[in-house]
>>> print(open('query36.cif').read())   # mmCIF, C-alpha atoms and all ligand atoms
data_final
#
loop_
_atom_site.label_atom_id
_atom_site.label_comp_id
_atom_site.auth_asym_id
_atom_site.auth_seq_id
_atom_site.Cartn_x
_atom_site.Cartn_y
_atom_site.Cartn_z
CA MET O 30 105.03 81.09 109.59
CA THR O 31 105.58 84.69 108.49
CA GLU O 32 104.97 87.19 111.27
CA TRP O 33 103.48 90.22 109.62
CA ASN O 34 104.57 93.73 110.55
CA ALA O 35 101.21 95.40 109.99
CA THR O 36 102.57 98.96 110.24
CA LEU O 37 105.39 98.35 107.76
CA TYR O 38 102.87 96.60 105.49
CA ASP O 39 100.51 99.60 105.50
CA ARG O 40 103.31 102.17 105.00
CA GLN O 41 105.54 100.45 102.47
CA HIS O 42 103.55 97.67 100.85
CA ASP O 43 100.21 99.35 100.33
CA PHE O 44 100.76 98.77 96.58
CA VAL O 45 99.58 95.20 97.22
CA ALA O 46 96.11 96.44 98.09
CA GLU O 47 96.35 99.24 95.51
CA TYR O 48 96.81 96.73 92.67
CA GLY O 49 94.14 94.53 94.25
CA LYS O 50 91.60 97.26 93.49
CA GLY O 51 91.58 96.02 89.86
CA LEU O 52 90.29 92.71 91.16
CA LEU O 53 87.33 94.50 92.78
CA THR O 54 85.89 95.14 89.30
CA PHE O 55 85.11 91.40 89.07
CA VAL O 56 82.81 91.56 92.11
CA PRO O 57 79.16 91.61 90.93
CA GLN O 58 77.20 94.81 91.65
CA ARG O 59 74.36 93.57 93.84
CA PRO O 60 72.88 95.52 96.74
CA LYS O 61 72.58 92.46 98.96
CA GLN O 62 75.35 89.93 99.06
CA ALA O 63 77.61 88.26 101.58
CA ILE O 64 81.31 88.81 100.86
CA LEU O 65 84.29 87.26 102.63
CA ASP O 66 87.73 88.88 102.18
CA LEU O 67 89.97 85.87 102.82
CA GLY O 68 93.44 86.93 103.99
CA CYS O 69 92.28 90.54 104.39
CA GLY O 70 95.55 91.82 105.90
CA THR O 71 95.09 95.34 107.25
CA GLY O 72 91.60 95.56 105.70
CA THR O 73 92.15 98.12 102.92
CA LEU O 74 90.23 96.09 100.35
CA THR O 75 87.66 94.85 102.89
CA ALA O 76 86.73 98.51 103.35
CA GLN O 77 86.13 98.81 99.59
CA LEU O 78 84.18 95.52 99.53
CA ASN O 79 82.03 96.86 102.35
CA SER O 80 80.23 99.11 99.87
CA LEU O 81 79.55 96.16 97.53
CA GLY O 82 77.64 93.95 99.96
CA ASP O 83 75.42 94.06 103.02
CA ASP O 84 77.25 91.32 104.93
CA VAL O 85 81.02 91.73 104.62
CA LYS O 86 83.76 90.20 106.75
CA GLY O 87 87.54 90.10 106.59
CA THR O 88 89.49 87.15 107.95
CA ASP O 89 93.22 86.61 108.28
CA ARG O 90 95.37 84.15 110.18
CA SER O 91 97.64 86.94 111.47
CA PRO O 92 96.42 88.51 114.75
CA ALA O 93 98.65 91.57 114.07
CA MET O 94 96.96 92.20 110.72
CA ILE O 95 93.47 91.78 112.19
CA ALA O 96 94.28 94.13 115.10
CA GLN O 97 95.43 96.80 112.63
CA ALA O 98 92.33 96.24 110.42
CA ARG O 99 90.04 96.67 113.44
CA ARG O 100 91.81 99.89 114.44
CA SER O 101 91.50 101.31 110.92
CA TYR O 102 87.91 100.17 110.24
CA PRO O 103 86.11 99.70 113.57
CA THR O 104 82.68 99.26 112.00
CA ILE O 105 83.67 96.32 109.78
CA GLN O 106 83.69 92.69 110.98
CA PHE O 107 87.16 91.15 111.17
CA GLU O 108 88.18 87.81 112.59
CA VAL O 109 91.40 85.85 113.05
CA GLU O 110 90.91 82.69 111.00
CA ASP O 111 93.12 80.44 108.90
CA GLY O 112 91.49 79.87 105.50
CA LEU O 113 92.52 76.21 105.68
CA GLN O 114 90.46 75.82 108.88
CA MET O 115 87.37 77.67 107.64
CA THR O 116 84.20 75.80 108.63
CA ASP O 117 81.56 77.98 106.90
CA VAL O 118 79.02 76.08 104.82
CA ASN O 119 76.93 77.70 102.04
CA ARG O 120 77.63 81.08 103.65
CA TRP O 121 79.15 83.46 101.08
CA ASP O 122 78.07 84.87 97.67
CA VAL O 123 81.65 85.99 97.00
CA ILE O 124 84.94 84.87 98.47
CA PHE O 125 87.48 87.51 97.51
CA SER O 126 91.18 87.03 98.08
CA ASN O 127 94.06 89.26 97.03
CA ALA O 128 97.74 88.29 97.37
CA VAL O 129 97.08 85.41 99.76
CA PHE O 130 97.07 82.03 97.98
CA HIS O 131 100.84 82.05 97.35
CA TRP O 132 101.34 81.96 101.15
CA ILE O 133 99.37 78.74 101.38
CA GLN O 134 100.97 75.44 100.39
CA ASP O 135 97.86 73.28 100.22
CA HIS O 136 95.76 74.81 97.44
CA PRO O 137 93.57 71.69 96.96
CA ARG O 138 92.47 71.85 100.63
CA LEU O 139 91.95 75.62 100.51
CA LEU O 140 89.81 75.27 97.38
CA ARG O 141 87.71 72.52 99.01
CA ARG O 142 87.08 74.80 102.02
CA ILE O 143 86.16 77.65 99.69
CA TYR O 144 83.77 75.42 97.70
CA GLN O 145 82.07 74.36 100.93
CA ALA O 146 81.82 77.96 102.18
CA LEU O 147 80.29 79.37 98.97
CA ARG O 148 76.55 79.43 98.41
CA PRO O 149 75.35 77.76 95.18
CA GLY O 150 75.95 80.36 92.45
CA GLY O 151 78.64 82.03 94.61
CA GLN O 152 82.04 82.96 93.22
CA LEU O 153 85.67 82.79 94.22
CA ILE O 154 87.49 85.90 92.94
CA CYS O 155 91.21 85.72 93.62
CA GLU O 156 94.59 87.00 92.55
CA PHE O 157 98.06 86.04 93.74
CA GLY O 158 101.62 85.36 92.59
CA ALA O 159 101.91 83.30 89.40
CA ALA O 160 104.68 80.85 88.58
CA GLY O 161 107.84 82.90 87.94
CA ASN O 162 106.78 85.71 90.30
CA ILE O 163 109.82 87.51 91.84
CA ALA O 164 112.17 84.89 90.35
CA THR O 165 114.95 87.48 89.97
CA ILE O 166 114.63 88.64 93.59
CA GLU O 167 114.46 85.08 94.96
CA ASN O 168 117.51 83.97 92.96
CA GLY O 169 119.44 87.07 94.05
CA PHE O 170 118.51 86.55 97.69
CA ARG O 171 119.41 82.85 97.58
CA GLU O 172 122.89 83.78 96.32
CA ALA O 173 123.33 86.68 98.78
CA ILE O 174 122.35 84.67 101.84
CA ALA O 175 124.48 81.70 100.73
CA ALA O 176 127.54 83.99 100.85
CA TYR O 177 126.85 84.27 104.61
CA GLY O 178 126.30 80.55 105.13
CA GLY O 179 122.50 80.74 104.98
CA THR O 180 120.03 78.94 102.77
CA TYR O 181 116.89 80.10 101.08
CA HIS O 182 114.10 77.76 100.09
CA SER O 183 111.14 79.56 98.60
CA LYS O 184 108.16 79.38 100.93
CA PHE O 185 105.81 80.61 98.23
CA ASN O 186 103.35 78.58 96.22
CA PHE O 187 103.24 80.41 92.89
CA ALA O 188 100.79 78.53 90.67
CA THR O 189 100.48 78.02 86.94
CA VAL O 190 97.14 78.56 85.19
CA ALA O 191 96.98 74.83 84.40
CA GLN O 192 97.55 73.80 88.04
CA LEU O 193 95.06 76.24 89.54
CA THR O 194 92.38 75.46 86.94
CA GLN O 195 92.73 71.75 87.52
CA GLN O 196 92.72 72.06 91.33
CA ALA O 197 89.66 74.35 91.29
CA GLN O 198 87.80 71.88 89.07
CA VAL O 199 88.70 68.95 91.33
CA ALA O 200 87.31 70.96 94.27
CA GLY O 201 84.01 71.23 92.35
CA LEU O 202 84.31 74.79 91.04
CA VAL O 203 83.48 75.89 87.49
CA VAL O 204 86.36 78.07 86.30
CA GLU O 205 85.04 81.15 84.48
CA LYS O 206 88.41 82.91 83.98
CA CYS O 207 91.97 82.02 84.82
CA TYR O 208 94.97 83.85 83.36
CA ASP O 209 98.41 85.11 84.30
CA PHE O 210 100.25 88.31 83.42
CA GLU O 211 103.40 90.36 84.13
CA ARG O 212 103.08 93.19 86.63
CA PRO O 213 106.40 95.03 87.04
CA THR O 214 105.89 96.68 90.43
CA PRO O 215 107.75 99.83 91.54
CA LEU O 216 108.80 99.67 95.20
CA LYS O 217 108.51 102.76 97.39
CA ALA O 218 111.38 104.56 99.17
CA GLY O 219 113.92 104.86 96.32
CA GLU O 220 117.21 103.05 96.91
CA GLN O 221 115.85 101.58 100.18
CA GLY O 222 112.80 100.06 98.47
CA LEU O 223 114.27 96.63 97.75
CA ALA O 224 115.75 96.23 101.24
CA ASN O 225 112.44 97.27 102.83
CA TRP O 226 110.61 94.74 100.68
CA ALA O 227 113.11 92.00 101.54
CA ARG O 228 112.95 92.76 105.27
CA GLN O 229 109.20 92.15 105.18
CA PHE O 230 109.09 89.12 102.90
CA PHE O 231 112.35 87.40 103.92
CA ALA O 232 112.04 88.29 107.62
CA SER O 233 112.30 84.72 108.87
CA GLU O 234 115.42 83.96 106.78
CA LEU O 235 117.13 87.18 107.92
CA ALA O 236 116.23 86.71 111.60
CA SER O 237 119.20 84.46 112.38
CA PHE O 238 121.73 87.09 111.24
CA SER O 239 123.04 90.12 113.13
CA PRO O 240 121.79 93.57 112.03
CA VAL O 241 125.14 94.27 110.34
CA GLU O 242 125.04 90.96 108.45
CA GLN O 243 121.46 91.61 107.43
CA ASP O 244 122.48 94.95 105.92
CA GLU O 245 125.36 93.26 104.07
CA ILE O 246 123.12 90.50 102.72
CA LEU O 247 120.61 93.05 101.49
CA ALA O 248 123.37 95.17 99.93
CA ARG O 249 124.62 92.06 98.13
CA LEU O 250 121.11 91.29 96.92
CA ALA O 251 120.83 94.84 95.54
CA THR O 252 124.15 94.54 93.68
CA ARG O 253 123.17 91.16 92.26
CA VAL O 254 119.79 92.26 90.81
CA ARG O 255 120.50 95.93 89.99
CA ASP O 256 120.90 95.43 86.23
CA GLU O 257 117.53 93.74 85.98
CA LEU O 258 115.42 95.60 88.55
CA TRP O 259 116.76 99.16 89.04
CA ASP O 260 115.31 101.51 86.41
CA GLY O 261 117.53 104.48 87.28
CA HIS O 262 115.02 105.96 89.74
CA GLN O 263 113.47 103.08 91.64
CA TRP O 264 113.42 99.34 92.16
CA VAL O 265 110.83 97.55 90.00
CA ALA O 266 110.01 94.08 91.34
CA ASP O 267 109.46 91.31 88.78
CA TYR O 268 105.92 90.45 89.79
CA ARG O 269 103.75 88.03 87.79
CA ARG O 270 100.13 87.53 88.86
CA ILE O 271 97.45 84.94 88.31
CA ARG O 272 93.74 85.79 88.44
CA CYS O 273 90.90 83.37 88.75
CA VAL O 274 87.11 83.68 88.87
CA ALA O 275 85.36 80.38 89.62
CA ARG O 276 81.75 79.51 90.46
CA LYS O 277 79.98 76.96 92.62
CA ASP O 278 76.99 75.66 90.66
C1 LIG U 301 100.31 90.19 101.11
S1 LIG U 301 99.10 90.12 102.39
C2 LIG U 301 97.63 90.62 101.50
C3 LIG U 301 96.61 91.28 102.38
C4 LIG U 301 95.39 91.88 101.69
N1 LIG U 301 94.59 90.85 101.04
C5 LIG U 301 95.78 92.97 100.72
O1 LIG U 301 95.48 92.84 99.52
O2 LIG U 301 96.38 93.97 101.17
C6 LIG U 301 98.84 88.36 102.61
C7 LIG U 301 97.94 88.04 103.79
O3 LIG U 301 97.57 86.66 103.72
C8 LIG U 301 97.42 86.20 105.05
N2 LIG U 301 97.42 84.73 105.05
C9 LIG U 301 98.43 83.91 104.69
N3 LIG U 301 98.06 82.62 104.84
C10 LIG U 301 96.77 82.62 105.29
C11 LIG U 301 95.85 81.60 105.63
N4 LIG U 301 96.17 80.31 105.55
N5 LIG U 301 94.62 81.96 106.04
C12 LIG U 301 94.29 83.28 106.15
N6 LIG U 301 95.14 84.29 105.86
C13 LIG U 301 96.36 83.97 105.42
C14 LIG U 301 98.60 86.84 105.75
O4 LIG U 301 98.47 86.82 107.15
C15 LIG U 301 98.58 88.24 105.15
O5 LIG U 301 97.82 89.14 105.90
#
>>> encode(input="query36.cif", output="C-alpha cells")
Amino acid sequence: MTEWNATLYDRQHDFVAEYGKGLLTFVPQRPKQAILDLGCGTGTLTAQLNSLGDDVKGTDRSPAMIAQARRSYPTIQFEVEDGLQMTDVNRWDVIFSNAVFHWIQDHPRLLRRIYQALRPGGQLICEFGAAGNIATIENGFREAIAAYGGTYHSKFNFATVAQLTQQAQVAGLVVEKCYDFERPTPLKAGEQGLANWARQFFASELASFSPVEQDEILARLATRVRDELWDGHQWVADYRRIRCVARKD
C-alpha cells in the first residue's frame, strides 16, 4: 500500500486538489445536504465542500493524510476509513471523490459500497485517472528501473468510460455523465518536478534502492521521457482523466 507523505503532497502535488475544484461545480447547490469526500487526502477539497452542505465529512484510508487534514481544518469532521470497508447505509446526498479510484483495484466492490451509502436520489461525483493516464511516465520508469534490476508493475486502475459505466450500472447506479479527456499537467519545481512526482508516486518501487541508485533511476527516467514531457521550462505530465456523475434512484 502506498504510504502517503502528507507534507510533500500538500507542497508539491497540490495541483491534484487544484484541478479537482472543477469537479466541485457538479455538486448541487443546496443549503442542506450530507456530503462525503471519499479519499479526502489532506482535506483541501473537503474544506471547499464544507460550504456546500451542512453535514460534511472527509474519509481516507491513510492516517497520515487524515492527521494533516485535521491539523489544517480542525472544525471539519475527518475519519480514517477505507472506502472498500464503508458500512454507511442511505447516509449521503453526495459522495464526492477526486483522484482516488485509480488507487483502488476493486471498482465493482467500491461502487456497491457507494450505492449502499447514498440516499435515494443521491449522487456519486468522481474524477480519477483514465485509461492511458501517465503512460509515458510509467513506460519510462519501467525501463529506467529495469536498468537497475528492478521491475515495475503498474499499481493503478485507470478505467475506460465503457468499463466504469458498466460497473456503475451493475452496482445499481444510473449514470448521468461519464467522459474522459486529456489534461497535460505541469509539475512544480522546474527540472526537479518529475523526480519529485516520481518519489511520491513510485515510492514503494524506489524504496529497495540506495539513495544514489534512486537518483540515477530518476535521472534515467528524465532522459527517457524528456522529448515528450519537457516543454523547455517545466515537466508536463501526460494526465488523462475520467469524470462520472451517477445517481441512486
Ligand atoms: C491523490 S490523493 C487525492 C486526495 C484528495 N482527494 C485531493 O483531491 O487532493 C489519493 C488519496 O486516496 C486515498 N485512498 C486510496 N485508496 C483508498 C481507499 N481504498 N479508501 C479511502 N481512501 C483511499 C489515499 O490515501 C490518498 O489520500
>>> closest_residue(input="query36.cif", among="O:Gly112, O:Pro103, O:Gly161, O:Gly82", to="ligand LIG 301 (chain U)", atoms="only C-alpha atoms and all ligand atoms")
O:Gly112
>>> residues_near_ligand(input="query36.cif", ligand="ligand LIG 301 (chain U)", cutoff="6 Å", atoms="only C-alpha atoms and all ligand atoms", output="mmCIF file with C-alpha atoms, keeping the file's coordinate frame")
data_model
loop_
_atom_site.group_PDB
_atom_site.id
_atom_site.type_symbol
_atom_site.label_atom_id
_atom_site.label_comp_id
_atom_site.auth_asym_id
_atom_site.auth_seq_id
_atom_site.Cartn_x
_atom_site.Cartn_y
_atom_site.Cartn_z
ATOM 1 C CA VAL O 45 99.580 95.200 97.220
ATOM 2 C CA ALA O 46 96.110 96.440 98.090
ATOM 3 C CA GLY O 49 94.140 94.530 94.250
ATOM 4 C CA GLY O 68 93.440 86.930 103.990
ATOM 5 C CA CYS O 69 92.280 90.540 104.390
ATOM 6 C CA GLY O 70 95.550 91.820 105.900
ATOM 7 C CA ASP O 89 93.220 86.610 108.280
ATOM 8 C CA ARG O 90 95.370 84.150 110.180
ATOM 9 C CA SER O 91 97.640 86.940 111.470
ATOM 10 C CA MET O 94 96.960 92.200 110.720
ATOM 11 C CA GLU O 110 90.910 82.690 111.000
ATOM 12 C CA ASP O 111 93.120 80.440 108.900
ATOM 13 C CA GLY O 112 91.490 79.870 105.500
ATOM 14 C CA LEU O 113 92.520 76.210 105.680
ATOM 15 C CA SER O 126 91.180 87.030 98.080
ATOM 16 C CA ASN O 127 94.060 89.260 97.030
ATOM 17 C CA ALA O 128 97.740 88.290 97.370
ATOM 18 C CA VAL O 129 97.080 85.410 99.760
ATOM 19 C CA TRP O 132 101.340 81.960 101.150
ATOM 20 C CA ILE O 133 99.370 78.740 101.380
#
>>> closest_residue(input="query36.cif", among="O:Arg141, O:Cys155, O:Gly222, O:Pro215", to="Gln198 (chain O)", atoms="all atoms listed in the file")
O:Arg141
>>> atom_distance(input="query36.cif", atom1="CA of Glu211 (chain O)", atom2="CA of Gly158 (chain O)")
10.0 Å
>>> atom_distance(input="query36.cif", atom1="CA of His131 (chain O)", atom2="CA of Gln192 (chain O)")
12.9 Å
>>> atom_distance(input="query36.cif", atom1="CA of Phe210 (chain O)", atom2="CA of Arg270 (chain O)")
5.5 Å
>>> residues_around(input="query36.cif", residues="region 186-189 of chain O", least_positions_apart="2", cutoff="12 Å", atoms="all atoms listed in the file", output="short mmCIF file (atom, residue, chain, number, x, y, z; two decimals) with C-alpha atoms, in the frame of the given file")
data_model
loop_
_atom_site.label_atom_id
_atom_site.label_comp_id
_atom_site.auth_asym_id
_atom_site.auth_seq_id
_atom_site.Cartn_x
_atom_site.Cartn_y
_atom_site.Cartn_z
CA ALA O 128 97.74 88.29 97.37
CA VAL O 129 97.08 85.41 99.76
CA PHE O 130 97.07 82.03 97.98
CA HIS O 131 100.84 82.05 97.35
CA TRP O 132 101.34 81.96 101.15
CA ILE O 133 99.37 78.74 101.38
CA GLN O 134 100.97 75.44 100.39
CA ASP O 135 97.86 73.28 100.22
CA HIS O 136 95.76 74.81 97.44
CA PRO O 137 93.57 71.69 96.96
CA GLU O 156 94.59 87.00 92.55
CA PHE O 157 98.06 86.04 93.74
CA GLY O 158 101.62 85.36 92.59
CA ALA O 159 101.91 83.30 89.40
CA ALA O 160 104.68 80.85 88.58
CA GLY O 161 107.84 82.90 87.94
CA ASN O 162 106.78 85.71 90.30
CA ILE O 163 109.82 87.51 91.84
CA ALA O 164 112.17 84.89 90.35
CA HIS O 182 114.10 77.76 100.09
CA SER O 183 111.14 79.56 98.60
CA LYS O 184 108.16 79.38 100.93
CA ALA O 191 96.98 74.83 84.40
CA GLN O 192 97.55 73.80 88.04
CA LEU O 193 95.06 76.24 89.54
CA THR O 194 92.38 75.46 86.94
CA GLN O 195 92.73 71.75 87.52
CA GLN O 196 92.72 72.06 91.33
CA ALA O 197 89.66 74.35 91.29
CA CYS O 207 91.97 82.02 84.82
CA TYR O 208 94.97 83.85 83.36
CA ASP O 209 98.41 85.11 84.30
CA PHE O 210 100.25 88.31 83.42
CA TYR O 268 105.92 90.45 89.79
CA ARG O 269 103.75 88.03 87.79
CA ARG O 270 100.13 87.53 88.86
CA ILE O 271 97.45 84.94 88.31
CA ARG O 272 93.74 85.79 88.44
CA CYS O 273 90.90 83.37 88.75
#
